[in-house]
>>> print(open('work18.cif').read())   # mmCIF, C-alpha atoms
data_coords
#
loop_
_atom_site.label_atom_id
_atom_site.label_comp_id
_atom_site.auth_asym_id
_atom_site.auth_seq_id
_atom_site.Cartn_x
_atom_site.Cartn_y
_atom_site.Cartn_z
CA MET A 1 -21.15 11.71 22.17
CA ALA A 2 -22.59 13.20 18.99
CA GLY A 3 -26.12 14.53 19.04
CA ILE A 4 -28.94 13.52 16.72
CA GLU A 5 -29.26 15.49 13.47
CA ASP A 6 -32.24 13.79 11.81
CA LEU A 7 -35.27 16.07 12.30
CA LYS A 8 -37.87 13.27 12.20
CA ILE A 9 -36.01 11.33 14.91
CA LEU A 10 -35.55 14.48 17.01
CA LEU A 11 -39.23 15.45 16.82
CA SER A 12 -40.53 11.97 17.54
CA SER A 13 -38.21 11.34 20.51
CA MET A 14 -37.85 14.80 22.10
CA LYS A 15 -39.69 14.04 25.40
CA PRO A 16 -40.49 17.59 26.55
CA GLY A 17 -40.25 18.26 30.27
CA LEU A 18 -41.83 21.23 32.07
CA ASP A 19 -39.65 22.72 34.81
CA SER A 20 -41.56 23.54 38.01
CA ARG A 21 -39.72 26.84 38.50
CA GLU A 22 -40.60 30.21 37.00
CA PHE A 23 -38.00 32.25 35.11
CA VAL A 24 -37.35 35.83 34.05
CA PHE A 25 -34.97 37.55 31.65
CA CYS A 26 -33.12 40.36 33.43
CA THR A 27 -30.93 43.04 31.89
CA PHE A 28 -27.94 44.82 33.39
CA ASP A 29 -26.46 47.95 31.75
CA ASN A 30 -23.56 48.12 34.18
CA PRO A 31 -20.92 45.41 34.25
CA LEU A 32 -21.30 42.76 36.94
CA SER A 33 -18.37 40.91 38.45
CA MET A 34 -18.16 37.17 37.86
CA GLU A 35 -18.75 36.74 41.60
CA ALA A 36 -21.97 38.77 41.43
CA ILE A 37 -23.16 36.78 38.42
CA THR A 38 -22.34 33.49 40.12
CA ASP A 39 -24.16 34.57 43.29
CA LEU A 40 -27.33 35.14 41.25
CA THR A 41 -27.16 31.53 39.96
CA PRO A 42 -28.43 32.21 36.42
CA ILE A 43 -29.38 29.26 34.26
CA GLY A 44 -28.36 31.27 31.21
CA THR A 45 -26.36 34.34 30.28
CA PHE A 46 -25.89 36.31 27.11
CA ARG A 47 -24.01 39.51 26.41
CA GLU A 48 -25.78 41.81 23.98
CA LYS A 49 -24.56 45.24 22.88
CA GLU A 50 -27.11 46.81 25.25
CA GLY A 51 -25.82 44.89 28.25
CA LEU A 52 -25.71 41.57 30.07
CA ILE A 53 -28.80 39.33 30.06
CA LEU A 54 -29.29 36.79 32.84
CA ILE A 55 -32.02 34.17 32.96
CA LEU A 56 -32.94 33.82 36.62
CA THR A 57 -35.65 32.19 38.66
CA THR A 58 -38.31 34.66 39.79
CA ASP A 59 -37.28 33.85 43.37
CA ASP A 60 -33.64 34.82 42.75
CA ALA A 61 -34.60 37.99 40.90
CA SER A 62 -37.13 39.08 43.53
CA SER A 63 -34.92 38.33 46.51
CA ASN A 64 -32.16 40.44 44.94
CA GLY A 65 -34.44 43.35 44.02
CA ILE A 66 -33.96 42.86 40.29
CA ARG A 67 -36.71 44.20 38.02
CA PHE A 68 -38.29 42.01 35.36
CA ASP A 69 -41.26 41.99 33.03
CA THR A 70 -42.76 38.71 31.87
CA VAL A 71 -42.60 35.45 33.81
CA TYR A 72 -41.79 32.29 31.84
CA LYS A 73 -41.90 28.55 32.31
CA LEU A 74 -39.17 26.35 30.87
CA ILE A 75 -39.78 23.36 28.63
CA SER A 76 -36.67 21.27 27.97
CA LEU A 77 -36.49 18.76 25.14
CA THR A 78 -34.73 15.77 26.62
CA VAL A 79 -33.27 14.48 23.39
CA HIS A 80 -29.58 15.05 22.62
CA SER A 81 -29.87 17.25 19.58
CA SER A 82 -26.80 18.10 17.57
CA LEU A 83 -25.87 21.76 17.31
CA ASN A 84 -25.83 21.06 13.55
CA ALA A 85 -29.41 19.75 13.47
CA VAL A 86 -31.64 21.73 11.11
CA GLY A 87 -35.29 22.52 11.79
CA LEU A 88 -35.95 21.47 15.39
CA THR A 89 -36.35 24.91 16.91
CA ALA A 90 -38.12 26.16 13.78
CA SER A 91 -40.63 23.30 14.00
CA ILE A 92 -41.29 23.97 17.69
CA ALA A 93 -41.56 27.75 17.20
CA THR A 94 -43.93 27.30 14.24
CA LYS A 95 -46.17 24.92 16.19
CA LEU A 96 -46.28 27.25 19.19
CA ALA A 97 -46.91 30.29 16.97
CA SER A 98 -49.93 28.49 15.48
CA LYS A 99 -51.33 28.45 19.04
CA ASP A 100 -50.38 32.12 19.69
CA ILE A 101 -47.55 31.16 22.06
CA SER A 102 -44.17 32.86 21.88
CA ALA A 103 -41.09 30.66 21.97
CA ASN A 104 -37.86 31.98 23.45
CA VAL A 105 -35.44 29.22 22.53
CA VAL A 106 -32.03 28.49 24.00
CA ALA A 107 -30.09 25.82 22.17
CA ALA A 108 -27.48 24.41 24.52
CA TYR A 109 -24.98 21.63 23.84
CA TYR A 110 -27.13 18.62 24.79
CA HIS A 111 -30.70 19.90 24.68
CA ASP A 112 -32.94 22.67 23.43
CA HIS A 113 -34.88 24.73 25.95
CA ILE A 114 -38.01 26.77 25.26
CA PHE A 115 -39.22 29.56 27.52
CA VAL A 116 -42.96 30.22 27.18
CA GLN A 117 -45.27 32.64 28.96
CA LYS A 118 -46.17 31.21 32.36
CA GLU A 119 -49.91 31.32 31.70
CA LYS A 120 -49.52 29.42 28.41
CA ALA A 121 -47.19 26.66 29.63
CA GLY A 122 -49.89 23.97 29.68
CA GLN A 123 -51.01 24.86 26.16
CA ALA A 124 -47.38 24.87 25.02
CA MET A 125 -46.78 21.38 26.41
CA GLU A 126 -49.92 20.13 24.64
CA ALA A 127 -48.80 21.72 21.36
CA ILE A 128 -45.32 20.18 21.59
CA MET A 129 -46.77 16.77 22.42
CA GLU A 130 -49.11 17.17 19.44
CA LEU A 131 -46.12 17.96 17.21
CA GLN A 132 -44.30 14.93 18.60
CA ALA A 133 -47.30 12.67 17.86
CA GLU A 134 -47.58 14.07 14.33
CA SER A 135 -43.86 13.45 13.75
CA PHE A 136 -44.04 9.94 15.17
CA SER A 137 -46.87 9.01 12.82
CA CYS A 138 -44.83 10.39 9.87
CA ARG A 139 -41.95 8.00 10.74
CA GLU A 140 -44.11 4.91 10.38
#
>>> encode(input="work18.cif", output="structure tokens")
Amino acid sequence: MAGIEDLKILLSSMKPGLDSREFVFCTFDNPLSMEAITDLTPIGTFREKEGLILILTTDDASSNGIRFDTVYKLISLTVHSSLNAVGLTASIATKLASKDISANVVAAYYHDHIFVQKEKAGQAMEAIMELQAESFSCRE
């Protein structure tokens, strides 16, 4: 099923959902086996030139003695956005930046996911809902 590409439709129908868990970005300089990675149950992975990055729950990181810095909450946009859609993450990041909230965005196949500082999650949800309302009124 093809995702939505029209920015106005995406913004007005994105239905953001706040995950109850807390997440951290963890780095590993040394290679991990696929078994070790799987055992950590990351919700996201990325290999950068500096090493492997895993996005883990704080519980998984803590129980495995893995160091981390900032704790994040996850907001998922429950609209099927196309990987070819232009402007969705930019619109979200711009709105959050206007409220002094960082946006660490992961664009997956079906949905876009925004990690925001734990203490600003409520403000971030309000800002995204505000953006959605603004976009909805522009469609009419």
>>> closest_atom_pairs(input="work18.cif", of="region 12-54 of chain A", to="region 74-96 of chain A", cutoff="7 Å", atoms="only C-alpha atoms", output="tab-separated table")
residue	atom	partner	partner_atom	distance
A:Ser13	CA	A:Val79	CA	6.5
A:Met14	CA	A:Val79	CA	4.8
A:Lys15	CA	A:Thr78	CA	5.4
A:Pro16	CA	A:Leu77	CA	4.4
A:Gly17	CA	A:Ser76	CA	5.2
A:Leu18	CA	A:Ile75	CA	4.5
A:Asp19	CA	A:Leu74	CA	5.4
>>> atom_distance(input="work18.cif", atom1="CA of Thr57 (chain A)", atom2="CA of Lys99 (chain A)")
25.4 Å
>>> resolve_selection(input="work18.cif", expression="the PyMOL selection byres ((chain A and resi 56) around 10)", output="list of chain:residue names")
A:Arg21, A:Glu22, A:Phe23, A:Val24, A:Phe25, A:Cys26, A:Leu40, A:Thr41, A:Pro42, A:Ile43, A:Gly44, A:Thr45, A:Ile53, A:Leu54, A:Ile55, A:Thr57, A:Thr58, A:Asp59, A:Asp60, A:Ala61, A:Ser62, A:Ile66, A:Phe68
>>> closest_residue(input="work18.cif", among="A:Thr27, A:Ser135, A:Thr70, A:Ser98", to="Leu52 (chain A)", atoms="only C-alpha atoms")
A:Thr27
>>> residues_near_point(input="work18.cif", point="(-26.5, 49.2, 32.6)", cutoff="9 Å", atoms="all atoms listed in the file", output="PDB file with C-alpha atoms, keeping the file's coordinate frame")
ATOM      1  CA  THR A  27     -30.930  43.040  31.890  1.00  0.00           C
ATOM      2  CA  PHE A  28     -27.940  44.820  33.390  1.00  0.00           C
ATOM      3  CA  ASP A  29     -26.460  47.950  31.750  1.00  0.00           C
ATOM      4  CA  ASN A  30     -23.560  48.120  34.180  1.00  0.00           C
ATOM      5  CA  PRO A  31     -20.920  45.410  34.250  1.00  0.00           C
ATOM      6  CA  GLU A  50     -27.110  46.810  25.250  1.00  0.00           C
ATOM      7  CA  GLY A  51     -25.820  44.890  28.250  1.00  0.00           C
ATOM      8  CA  LEU A  52     -25.710  41.570  30.070  1.00  0.00           C
TER       9      LEU A  52
END
>>> atom_distance(input="work18.cif", atom1="CA of Asn64 (chain A)", atom2="CA of Glu35 (chain A)")
14.3 Å
>>> axis_aligned_box(input="work18.cif", around="region 74-81 of chain A", padding_each_side="4 Å", output="AutoDock Vina command-line options")
--center_x -34.7 --center_y 20.4 --center_z 25.2 --size_x 18.2 --size_y 19.9 --size_z 19.3
>>> atom_distance(input="work18.cif", atom1="CA of Ile114 (chain A)", atom2="CA of Ser63 (chain A)")
24.4 Å
>>> closest_residue(input="work18.cif", among="A:Gly3, A:Ile9, A:Asp112, A:Lys120", to="Glu134 (chain A)", atoms="all atoms listed in the file")
A:Ile9
>>> closest_residue(input="work18.cif", among="A:Lys73, A:Val106, A:Lys8, A:Ala2", to="Gly122 (chain A)", atoms="only C-alpha atoms")
A:Lys73
>>> build_atoms(input="work18.cif", residues="region 58-78 of chain A", atoms="N, CA and C atoms", output="compact mmCIF listing (two decimals), in the frame of the given file")
# COMPACT_ATOMS: atom_id res chain seq x y z
N THR A 58 -37.62 33.48 39.23
CA THR A 58 -38.31 34.66 39.79
C THR A 58 -37.90 34.85 41.25
N ASP A 59 -37.69 33.75 41.96
CA ASP A 59 -37.28 33.85 43.37
C ASP A 59 -35.94 34.56 43.51
N ASP A 60 -34.96 34.18 42.68
CA ASP A 60 -33.64 34.82 42.75
C ASP A 60 -33.71 36.28 42.36
N ALA A 61 -34.48 36.59 41.33
CA ALA A 61 -34.60 37.99 40.90
C ALA A 61 -35.29 38.82 41.98
N SER A 62 -36.39 38.34 42.51
CA SER A 62 -37.13 39.08 43.53
C SER A 62 -36.33 39.28 44.80
N SER A 63 -35.67 38.21 45.25
CA SER A 63 -34.92 38.33 46.51
C SER A 63 -33.71 39.24 46.39
N ASN A 64 -33.29 39.53 45.16
CA ASN A 64 -32.16 40.44 44.94
C ASN A 64 -32.61 41.81 44.42
N GLY A 65 -33.92 42.05 44.43
CA GLY A 65 -34.44 43.35 44.02
C GLY A 65 -34.23 43.68 42.55
N ILE A 66 -34.20 42.66 41.72
CA ILE A 66 -33.96 42.86 40.29
C ILE A 66 -35.30 42.94 39.56
N ARG A 67 -35.47 44.00 38.76
CA ARG A 67 -36.71 44.20 38.02
C ARG A 67 -36.80 43.22 36.84
N PHE A 68 -38.04 42.86 36.52
CA PHE A 68 -38.29 42.01 35.36
C PHE A 68 -39.70 42.25 34.86
N ASP A 69 -39.95 41.81 33.65
CA ASP A 69 -41.26 41.99 33.03
C ASP A 69 -42.06 40.70 33.08
N THR A 70 -41.96 39.92 32.03
CA THR A 70 -42.76 38.71 31.87
C THR A 70 -42.16 37.52 32.61
N VAL A 71 -43.03 36.67 33.14
CA VAL A 71 -42.60 35.45 33.81
C VAL A 71 -42.80 34.28 32.84
N TYR A 72 -41.80 33.41 32.78
CA TYR A 72 -41.79 32.29 31.84
C TYR A 72 -41.67 30.95 32.57
N LYS A 73 -42.15 29.93 31.90
CA LYS A 73 -41.90 28.55 32.31
C LYS A 73 -40.93 27.96 31.29
N LEU A 74 -40.19 26.97 31.71
CA LEU A 74 -39.17 26.35 30.87
C LEU A 74 -39.57 24.94 30.47
N ILE A 75 -39.56 24.71 29.17
CA ILE A 75 -39.78 23.36 28.63
C ILE A 75 -38.46 22.92 28.02
N SER A 76 -37.92 21.81 28.52
CA SER A 76 -36.67 21.27 27.97
C SER A 76 -36.97 20.02 27.16
N LEU A 77 -36.34 19.94 26.01
CA LEU A 77 -36.49 18.76 25.14
C LEU A 77 -35.37 17.80 25.50
N THR A 78 -35.73 16.68 26.08
CA THR A 78 -34.73 15.77 26.62
C THR A 78 -34.24 14.77 25.59
